[in-house]
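Trainee: Compact mmCIF, N, CA and C atoms, file final_21.txt:
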# COMPACT_ATOMS: atom_id res chain seq x y z
N MET A 25 -69.22 30.89 0.10
CA MET A 25 -69.48 29.69 0.86
C MET A 25 -69.57 30.07 2.34
N THR A 26 -70.54 29.55 2.98
CA THR A 26 -70.75 29.86 4.39
C THR A 26 -69.78 29.05 5.25
N PRO A 27 -69.52 29.56 6.48
CA PRO A 27 -68.61 28.83 7.37
C PRO A 27 -69.12 27.42 7.69
N ARG A 28 -70.42 27.27 7.77
CA ARG A 28 -70.98 25.95 8.07
C ARG A 28 -70.70 24.96 6.94
N ARG A 29 -70.84 25.40 5.70
CA ARG A 29 -70.59 24.55 4.55
C ARG A 29 -69.09 24.21 4.46
N ARG A 30 -68.22 25.19 4.76
CA ARG A 30 -66.78 24.94 4.74
C ARG A 30 -66.40 23.87 5.77
N ARG A 31 -66.98 23.95 6.96
CA ARG A 31 -66.73 22.93 7.98
C ARG A 31 -67.21 21.56 7.54
N LEU A 32 -68.37 21.51 6.89
CA LEU A 32 -68.91 20.25 6.39
C LEU A 32 -67.96 19.62 5.38
N PHE A 33 -67.45 20.43 4.43
CA PHE A 33 -66.49 19.91 3.45
C PHE A 33 -65.19 19.47 4.12
N LEU A 34 -64.76 20.19 5.14
CA LEU A 34 -63.54 19.82 5.86
C LEU A 34 -63.73 18.47 6.57
N VAL A 35 -64.87 18.31 7.24
CA VAL A 35 -65.15 17.04 7.93
C VAL A 35 -65.24 15.90 6.93
N ILE A 36 -65.92 16.10 5.83
CA ILE A 36 -66.03 15.06 4.79
C ILE A 36 -64.65 14.73 4.22
N GLY A 37 -63.83 15.74 3.99
CA GLY A 37 -62.47 15.51 3.49
C GLY A 37 -61.62 14.72 4.47
N ILE A 38 -61.72 15.04 5.75
CA ILE A 38 -60.96 14.31 6.77
C ILE A 38 -61.42 12.86 6.85
N LEU A 39 -62.73 12.64 6.85
CA LEU A 39 -63.26 11.27 6.89
C LEU A 39 -62.83 10.47 5.66
N ALA A 40 -62.85 11.10 4.49
CA ALA A 40 -62.41 10.41 3.27
C ALA A 40 -60.92 10.06 3.36
N GLY A 41 -60.12 10.98 3.88
CA GLY A 41 -58.68 10.71 4.03
C GLY A 41 -58.40 9.56 4.98
N VAL A 42 -59.13 9.55 6.11
CA VAL A 42 -58.95 8.46 7.08
C VAL A 42 -59.39 7.13 6.47
N ALA A 43 -60.49 7.13 5.72
CA ALA A 43 -60.96 5.89 5.09
C ALA A 43 -59.95 5.38 4.07
N ILE A 44 -59.40 6.26 3.26
CA ILE A 44 -58.40 5.85 2.26
C ILE A 44 -57.15 5.31 2.96
N ALA A 45 -56.70 5.98 4.02
CA ALA A 45 -55.52 5.51 4.75
C ALA A 45 -55.78 4.13 5.37
N GLY A 46 -56.97 3.92 5.90
CA GLY A 46 -57.32 2.62 6.47
C GLY A 46 -57.32 1.51 5.44
N VAL A 47 -57.90 1.78 4.27
CA VAL A 47 -57.93 0.78 3.20
C VAL A 47 -56.52 0.44 2.74
N LEU A 48 -55.67 1.44 2.57
CA LEU A 48 -54.28 1.20 2.14
C LEU A 48 -53.50 0.41 3.20
N THR A 49 -53.74 0.72 4.47
CA THR A 49 -53.06 -0.01 5.55
C THR A 49 -53.49 -1.47 5.57
N LEU A 50 -54.78 -1.73 5.47
CA LEU A 50 -55.27 -3.12 5.46
C LEU A 50 -54.74 -3.88 4.26
N GLN A 51 -54.68 -3.24 3.11
CA GLN A 51 -54.17 -3.90 1.91
C GLN A 51 -52.69 -4.26 2.08
N ALA A 52 -51.90 -3.34 2.62
CA ALA A 52 -50.48 -3.61 2.84
C ALA A 52 -50.30 -4.74 3.86
N PHE A 53 -51.10 -4.75 4.90
CA PHE A 53 -51.02 -5.81 5.90
C PHE A 53 -51.37 -7.15 5.29
N ARG A 54 -52.41 -7.22 4.49
CA ARG A 54 -52.84 -8.46 3.86
C ARG A 54 -51.75 -9.01 2.93
N GLU A 55 -51.04 -8.13 2.24
CA GLU A 55 -49.99 -8.57 1.33
C GLU A 55 -48.76 -9.09 2.06
N ASN A 56 -48.50 -8.59 3.27
CA ASN A 56 -47.29 -8.95 3.99
C ASN A 56 -47.48 -10.06 5.01
N VAL A 57 -48.70 -10.47 5.27
CA VAL A 57 -48.94 -11.52 6.25
C VAL A 57 -48.69 -12.87 5.59
N MET A 58 -48.04 -13.78 6.32
CA MET A 58 -47.76 -15.10 5.78
C MET A 58 -48.26 -16.14 6.77
N PHE A 59 -49.17 -17.00 6.34
CA PHE A 59 -49.77 -17.99 7.22
C PHE A 59 -48.95 -19.27 7.25
N PHE A 60 -49.12 -20.04 8.33
CA PHE A 60 -48.41 -21.29 8.53
C PHE A 60 -49.36 -22.46 8.26
N PHE A 61 -48.87 -23.45 7.51
CA PHE A 61 -49.64 -24.66 7.24
C PHE A 61 -48.73 -25.85 7.42
N ASP A 62 -49.32 -26.98 7.87
CA ASP A 62 -48.56 -28.22 7.95
C ASP A 62 -48.93 -29.09 6.74
N PRO A 63 -48.19 -30.16 6.48
CA PRO A 63 -48.48 -30.99 5.31
C PRO A 63 -49.90 -31.54 5.25
N SER A 64 -50.52 -31.86 6.38
CA SER A 64 -51.90 -32.36 6.36
C SER A 64 -52.86 -31.29 5.86
N GLN A 65 -52.66 -30.04 6.29
CA GLN A 65 -53.50 -28.96 5.82
C GLN A 65 -53.29 -28.71 4.32
N VAL A 66 -52.05 -28.83 3.87
CA VAL A 66 -51.77 -28.66 2.45
C VAL A 66 -52.46 -29.76 1.65
N ALA A 67 -52.41 -31.00 2.14
CA ALA A 67 -53.05 -32.12 1.44
C ALA A 67 -54.57 -31.95 1.38
N LYS A 68 -55.15 -31.33 2.41
CA LYS A 68 -56.60 -31.10 2.42
C LYS A 68 -57.01 -29.94 1.53
N GLY A 69 -56.05 -29.20 1.01
CA GLY A 69 -56.35 -28.06 0.14
C GLY A 69 -56.60 -26.77 0.90
N GLU A 70 -56.22 -26.71 2.17
CA GLU A 70 -56.43 -25.50 2.96
C GLU A 70 -55.40 -24.42 2.66
N ALA A 71 -54.26 -24.80 2.12
CA ALA A 71 -53.21 -23.83 1.82
C ALA A 71 -53.52 -23.14 0.49
N PRO A 72 -53.22 -21.85 0.40
CA PRO A 72 -53.51 -21.12 -0.84
C PRO A 72 -52.51 -21.48 -1.95
N ALA A 73 -53.03 -21.91 -3.09
CA ALA A 73 -52.16 -22.22 -4.23
C ALA A 73 -51.64 -20.92 -4.83
N HIS A 74 -50.40 -20.89 -5.19
CA HIS A 74 -49.75 -19.76 -5.86
C HIS A 74 -49.63 -18.52 -4.99
N GLU A 75 -49.82 -18.63 -3.67
CA GLU A 75 -49.60 -17.52 -2.74
C GLU A 75 -48.56 -17.95 -1.72
N ARG A 76 -47.78 -16.98 -1.21
CA ARG A 76 -46.74 -17.31 -0.24
C ARG A 76 -47.34 -17.72 1.10
N PHE A 77 -46.77 -18.78 1.68
CA PHE A 77 -47.10 -19.20 3.03
C PHE A 77 -45.93 -19.96 3.60
N ARG A 78 -46.01 -20.29 4.89
CA ARG A 78 -44.96 -21.05 5.55
C ARG A 78 -45.41 -22.50 5.69
N LEU A 79 -44.54 -23.41 5.32
CA LEU A 79 -44.78 -24.84 5.45
C LEU A 79 -43.85 -25.38 6.51
N GLY A 80 -44.40 -26.08 7.50
CA GLY A 80 -43.55 -26.58 8.57
C GLY A 80 -43.80 -28.04 8.87
N GLY A 81 -42.77 -28.69 9.36
CA GLY A 81 -42.85 -30.08 9.74
C GLY A 81 -41.45 -30.63 9.93
N MET A 82 -41.34 -31.93 9.75
CA MET A 82 -40.06 -32.61 9.89
C MET A 82 -39.53 -32.96 8.50
N VAL A 83 -38.22 -32.89 8.33
CA VAL A 83 -37.61 -33.34 7.08
C VAL A 83 -37.61 -34.86 7.10
N GLU A 84 -38.27 -35.45 6.13
CA GLU A 84 -38.43 -36.91 6.09
C GLU A 84 -37.08 -37.58 5.88
N GLU A 85 -36.85 -38.65 6.64
CA GLU A 85 -35.61 -39.42 6.52
C GLU A 85 -35.45 -39.96 5.10
N GLY A 86 -34.25 -39.82 4.53
CA GLY A 86 -33.95 -40.34 3.20
C GLY A 86 -34.53 -39.55 2.05
N SER A 87 -35.05 -38.35 2.32
CA SER A 87 -35.71 -37.60 1.25
C SER A 87 -34.87 -36.48 0.64
N VAL A 88 -33.74 -36.16 1.25
CA VAL A 88 -32.93 -35.04 0.76
C VAL A 88 -32.12 -35.48 -0.46
N VAL A 89 -32.33 -34.78 -1.57
CA VAL A 89 -31.60 -35.06 -2.82
C VAL A 89 -30.99 -33.75 -3.29
N ARG A 90 -29.66 -33.72 -3.39
CA ARG A 90 -28.96 -32.52 -3.86
C ARG A 90 -28.53 -32.72 -5.30
N SER A 91 -28.66 -31.67 -6.10
CA SER A 91 -28.22 -31.72 -7.49
C SER A 91 -26.73 -31.41 -7.53
N PRO A 92 -25.92 -32.32 -8.11
CA PRO A 92 -24.47 -32.09 -8.14
C PRO A 92 -24.13 -30.83 -8.94
N GLY A 93 -23.22 -30.04 -8.41
CA GLY A 93 -22.74 -28.86 -9.10
C GLY A 93 -23.69 -27.66 -9.04
N SER A 94 -24.73 -27.74 -8.23
CA SER A 94 -25.65 -26.60 -8.11
C SER A 94 -26.13 -26.48 -6.67
N LEU A 95 -26.89 -25.46 -6.41
CA LEU A 95 -27.45 -25.24 -5.07
C LEU A 95 -28.87 -25.77 -4.96
N GLN A 96 -29.31 -26.53 -5.95
CA GLN A 96 -30.67 -27.06 -5.92
C GLN A 96 -30.74 -28.28 -5.01
N VAL A 97 -31.80 -28.30 -4.19
CA VAL A 97 -32.02 -29.42 -3.29
C VAL A 97 -33.52 -29.71 -3.24
N GLN A 98 -33.82 -30.98 -3.13
CA GLN A 98 -35.21 -31.41 -3.00
C GLN A 98 -35.31 -32.25 -1.73
N PHE A 99 -36.38 -32.05 -0.99
CA PHE A 99 -36.61 -32.84 0.22
C PHE A 99 -38.11 -32.89 0.47
N THR A 100 -38.50 -33.69 1.43
CA THR A 100 -39.92 -33.85 1.74
C THR A 100 -40.14 -33.43 3.18
N VAL A 101 -41.20 -32.64 3.40
CA VAL A 101 -41.59 -32.21 4.74
C VAL A 101 -42.81 -33.02 5.13
N THR A 102 -42.79 -33.59 6.34
CA THR A 102 -43.88 -34.44 6.79
C THR A 102 -44.35 -34.04 8.18
N ASP A 103 -45.59 -34.36 8.48
CA ASP A 103 -46.12 -34.21 9.85
C ASP A 103 -46.52 -35.59 10.37
N PHE A 104 -45.97 -36.64 9.77
CA PHE A 104 -46.19 -38.04 10.10
C PHE A 104 -47.55 -38.55 9.63
N GLN A 105 -48.35 -37.69 9.01
CA GLN A 105 -49.62 -38.10 8.41
C GLN A 105 -49.57 -37.90 6.89
N GLN A 106 -49.10 -36.76 6.47
CA GLN A 106 -48.99 -36.40 5.06
C GLN A 106 -47.59 -35.85 4.80
N SER A 107 -47.20 -35.81 3.53
CA SER A 107 -45.90 -35.28 3.15
C SER A 107 -46.06 -34.34 1.97
N VAL A 108 -45.17 -33.35 1.90
CA VAL A 108 -45.18 -32.39 0.80
C VAL A 108 -43.75 -32.30 0.25
N PRO A 109 -43.56 -32.52 -1.06
CA PRO A 109 -42.23 -32.35 -1.64
C PRO A 109 -41.87 -30.87 -1.73
N VAL A 110 -40.61 -30.56 -1.45
CA VAL A 110 -40.13 -29.18 -1.45
C VAL A 110 -38.92 -29.08 -2.38
N HIS A 111 -38.91 -28.04 -3.21
CA HIS A 111 -37.75 -27.72 -4.04
C HIS A 111 -37.20 -26.39 -3.54
N TYR A 112 -35.88 -26.33 -3.41
CA TYR A 112 -35.23 -25.12 -2.92
C TYR A 112 -33.93 -24.93 -3.66
N THR A 113 -33.64 -23.69 -4.02
CA THR A 113 -32.36 -23.36 -4.63
C THR A 113 -31.70 -22.32 -3.74
N GLY A 114 -30.59 -22.68 -3.16
CA GLY A 114 -29.88 -21.77 -2.27
C GLY A 114 -29.08 -22.55 -1.25
N VAL A 115 -28.46 -21.81 -0.35
CA VAL A 115 -27.66 -22.41 0.70
C VAL A 115 -28.58 -22.75 1.87
N LEU A 116 -28.57 -24.00 2.27
CA LEU A 116 -29.39 -24.44 3.39
C LEU A 116 -28.70 -24.07 4.71
N PRO A 117 -29.47 -23.88 5.77
CA PRO A 117 -28.85 -23.60 7.08
C PRO A 117 -27.93 -24.76 7.49
N ASP A 118 -26.90 -24.44 8.26
CA ASP A 118 -25.95 -25.46 8.71
C ASP A 118 -26.63 -26.58 9.49
N LEU A 119 -27.69 -26.27 10.22
CA LEU A 119 -28.35 -27.26 11.06
C LEU A 119 -29.45 -28.03 10.34
N PHE A 120 -29.61 -27.80 9.04
CA PHE A 120 -30.62 -28.53 8.27
C PHE A 120 -30.17 -29.97 8.11
N ARG A 121 -31.05 -30.91 8.46
CA ARG A 121 -30.75 -32.34 8.25
C ARG A 121 -32.04 -33.13 8.32
N GLU A 122 -31.96 -34.36 7.87
CA GLU A 122 -33.12 -35.25 7.88
C GLU A 122 -33.53 -35.55 9.32
N GLY A 123 -34.84 -35.67 9.55
CA GLY A 123 -35.35 -35.98 10.85
C GLY A 123 -35.45 -34.80 11.80
N GLN A 124 -35.18 -33.59 11.30
CA GLN A 124 -35.22 -32.39 12.12
C GLN A 124 -36.36 -31.47 11.68
N GLY A 125 -36.77 -30.58 12.57
CA GLY A 125 -37.83 -29.62 12.26
C GLY A 125 -37.36 -28.56 11.30
N VAL A 126 -38.28 -28.12 10.43
CA VAL A 126 -37.95 -27.11 9.44
C VAL A 126 -39.19 -26.28 9.13
N VAL A 127 -38.97 -25.02 8.78
CA VAL A 127 -40.02 -24.14 8.28
C VAL A 127 -39.52 -23.56 6.97
N ALA A 128 -40.30 -23.74 5.91
CA ALA A 128 -39.94 -23.23 4.59
C ALA A 128 -40.94 -22.16 4.17
N HIS A 129 -40.44 -21.08 3.61
CA HIS A 129 -41.28 -20.00 3.10
C HIS A 129 -41.32 -20.12 1.59
N GLY A 130 -42.50 -20.05 0.99
CA GLY A 130 -42.57 -20.12 -0.46
C GLY A 130 -43.99 -20.27 -0.95
N ARG A 131 -44.13 -20.92 -2.13
CA ARG A 131 -45.44 -21.08 -2.78
C ARG A 131 -45.65 -22.53 -3.18
N LEU A 132 -46.91 -22.93 -3.15
CA LEU A 132 -47.30 -24.26 -3.60
C LEU A 132 -47.69 -24.17 -5.06
N GLY A 133 -47.06 -24.98 -5.89
CA GLY A 133 -47.38 -24.99 -7.31
C GLY A 133 -48.59 -25.86 -7.60
N GLY A 134 -49.09 -25.76 -8.81
CA GLY A 134 -50.24 -26.55 -9.23
C GLY A 134 -49.97 -28.04 -9.22
N ASP A 135 -48.69 -28.42 -9.28
CA ASP A 135 -48.31 -29.84 -9.28
C ASP A 135 -48.16 -30.41 -7.87
N GLY A 136 -48.44 -29.59 -6.85
CA GLY A 136 -48.35 -30.06 -5.46
C GLY A 136 -46.96 -29.96 -4.87
N VAL A 137 -46.01 -29.37 -5.60
CA VAL A 137 -44.65 -29.21 -5.11
C VAL A 137 -44.50 -27.81 -4.53
N PHE A 138 -43.97 -27.73 -3.33
CA PHE A 138 -43.75 -26.46 -2.65
C PHE A 138 -42.40 -25.93 -3.09
N THR A 139 -42.36 -24.74 -3.68
CA THR A 139 -41.11 -24.11 -4.09
C THR A 139 -40.73 -23.09 -3.03
N ALA A 140 -39.68 -23.39 -2.30
CA ALA A 140 -39.27 -22.54 -1.18
C ALA A 140 -38.27 -21.49 -1.65
N ASP A 141 -38.39 -20.30 -1.07
CA ASP A 141 -37.37 -19.28 -1.32
C ASP A 141 -36.57 -18.98 -0.06
N GLU A 142 -36.97 -19.61 1.07
CA GLU A 142 -36.22 -19.51 2.31
C GLU A 142 -36.51 -20.75 3.14
N VAL A 143 -35.47 -21.31 3.75
CA VAL A 143 -35.62 -22.49 4.61
C VAL A 143 -34.98 -22.18 5.95
N LEU A 144 -35.74 -22.40 7.01
CA LEU A 144 -35.25 -22.17 8.37
C LEU A 144 -35.20 -23.51 9.10
N ALA A 145 -34.10 -23.74 9.82
CA ALA A 145 -33.96 -24.98 10.59
C ALA A 145 -33.88 -24.63 12.07
N LYS A 146 -34.14 -25.63 12.90
CA LYS A 146 -34.05 -25.40 14.33
C LYS A 146 -32.62 -25.00 14.69
N HIS A 147 -32.46 -24.31 15.81
CA HIS A 147 -31.14 -23.79 16.13
C HIS A 147 -30.42 -24.50 17.27
N ASP A 148 -31.03 -25.46 17.93
CA ASP A 148 -30.30 -26.30 18.88
C ASP A 148 -31.03 -27.62 19.03
N GLU A 149 -30.48 -28.51 19.81
CA GLU A 149 -31.03 -29.87 19.91
C GLU A 149 -32.45 -29.93 20.43
N ASN A 150 -32.84 -29.06 21.33
CA ASN A 150 -34.14 -29.16 21.96
C ASN A 150 -35.19 -28.24 21.38
N TYR A 151 -34.80 -27.31 20.52
CA TYR A 151 -35.74 -26.32 20.01
C TYR A 151 -36.42 -26.79 18.74
N MET A 152 -37.71 -26.50 18.64
CA MET A 152 -38.46 -26.70 17.41
C MET A 152 -39.35 -25.47 17.29
N PRO A 153 -39.50 -24.91 16.07
CA PRO A 153 -40.38 -23.76 15.94
C PRO A 153 -41.75 -24.06 16.55
N PRO A 154 -42.31 -23.12 17.30
CA PRO A 154 -43.57 -23.37 18.02
C PRO A 154 -44.70 -23.85 17.11
N GLU A 155 -44.80 -23.28 15.89
CA GLU A 155 -45.87 -23.69 14.99
C GLU A 155 -45.72 -25.15 14.60
N VAL A 156 -44.48 -25.57 14.34
CA VAL A 156 -44.22 -26.96 13.95
C VAL A 156 -44.55 -27.89 15.11
N SER A 157 -44.12 -27.52 16.31
CA SER A 157 -44.37 -28.36 17.48
C SER A 157 -45.87 -28.53 17.72
N ARG A 158 -46.62 -27.43 17.69
CA ARG A 158 -48.07 -27.51 17.91
C ARG A 158 -48.73 -28.34 16.82
N SER A 159 -48.31 -28.14 15.59
CA SER A 159 -48.90 -28.86 14.47
C SER A 159 -48.65 -30.36 14.58
N LEU A 160 -47.42 -30.74 14.91
CA LEU A 160 -47.09 -32.15 15.02
C LEU A 160 -47.81 -32.80 16.20
N LYS A 161 -47.93 -32.07 17.32
CA LYS A 161 -48.64 -32.62 18.47
C LYS A 161 -50.12 -32.79 18.18
N ALA A 162 -50.71 -31.89 17.41
CA ALA A 162 -52.13 -31.99 17.10
C ALA A 162 -52.42 -33.16 16.17
N VAL A 163 -51.51 -33.40 15.22
CA VAL A 163 -51.74 -34.45 14.24
C VAL A 163 -51.28 -35.82 14.74
N HIS A 164 -50.18 -35.86 15.46
CA HIS A 164 -49.57 -37.13 15.86
C HIS A 164 -49.00 -36.99 17.27
N PRO A 165 -49.83 -36.91 18.31
CA PRO A 165 -49.36 -36.60 19.67
C PRO A 165 -48.30 -37.54 20.21
N GLU A 166 -48.39 -38.84 19.94
CA GLU A 166 -47.42 -39.75 20.55
C GLU A 166 -46.08 -39.75 19.83
N GLY A 167 -46.02 -39.31 18.55
CA GLY A 167 -44.77 -39.37 17.81
C GLY A 167 -44.09 -38.03 17.65
N ALA A 168 -44.72 -36.96 18.13
CA ALA A 168 -44.15 -35.64 17.95
C ALA A 168 -43.01 -35.40 18.93
N PRO A 169 -41.89 -34.85 18.42
CA PRO A 169 -40.79 -34.53 19.30
C PRO A 169 -41.18 -33.43 20.27
N GLN A 170 -40.53 -33.41 21.39
CA GLN A 170 -40.80 -32.38 22.39
C GLN A 170 -40.08 -31.12 21.97
N GLY A 171 -40.71 -29.94 22.18
CA GLY A 171 -40.05 -28.69 21.80
C GLY A 171 -40.54 -27.54 22.59
Mind turning this structure into structure tokens?
Mentor:
Amino acid sequence: MTPRRRRLFLVIGILAGVAIAGVLTLQAFRENVMFFFDPSQVAKGEAPAHERFRLGGMVEEGSVVRSPGSLQVQFTVTDFQQSVPVHYTGVLPDLFREGQGVVAHGRLGGDGVFTADEVLAKHDENYMPPEVSRSLKAVHPEGAPQG
């Protein structure tokens, strides 16, 4: 094999390696990225069914139902236009309550119920997650809490 041909194979091998590494990196990034949706977007069908995403909004007043003797809880997340029922099994944050901002991580089932595997609540009186605040202001500017 001539030196020129060896260099050609080396360059082709390096380019193939870089291409494979790029494809694997993009695939890993796509699997780990989680998008944010509000209840109006979920109602419009913009949220991916059976894929993980973040659902944010306000916990609807009077919607929290706890199952006695278990860690199961059901509540409704609203953006004052649409609402999405949420089921969660686990310990809720201490600051979780009705009428407060929340972000839930999980999947939307075929029945329209969001099954959360993690629930995050605001951490002080004036704070609201930025995504929730922007979403609420865009959908309902006069009724959205300041954050």
Trainee: List every protein, DNA or RNA residue that has an atom no more than 9 Å from (-40.7, -23.7, -6.7) in the file's coordinate frame, counting only C-alpha atoms, and report them as a ChimeraX atom specification.
Mentor: /A:110-113,130-133,137-141
Trainee: What is the atom N of A:Arg121-atom CA of A:Gln96 distance in Å, reported with one decimal?
Mentor: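 Between atom N of A:Arg121 and atom CA of A:Gln96 the gap works out to 14.9 Å.
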Trainee: When you count all atoms listed in the file, which of these residues is closest to A:Gly125: A:Phe99, A:Gly80, A:Arg30, A:Gly46?
Mentor: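 Smallest separation from A:Gly125 among the options: A:Gly80.
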Trainee: So how far away is atom CA of A:Phe77 from atom CA of A:Gly134, in Å?
Mentor: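 Between atom CA of A:Gly134 and atom CA of A:Phe77 the gap works out to 14.6 Å.
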Trainee: Record the distance separating atom C of A:Glu142 and atom N of A:Glu122, expressed in Å with one decimal.
Mentor: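 Computed distance, atom C of A:Glu142 to atom N of A:Glu122, equals 15.1 Å.
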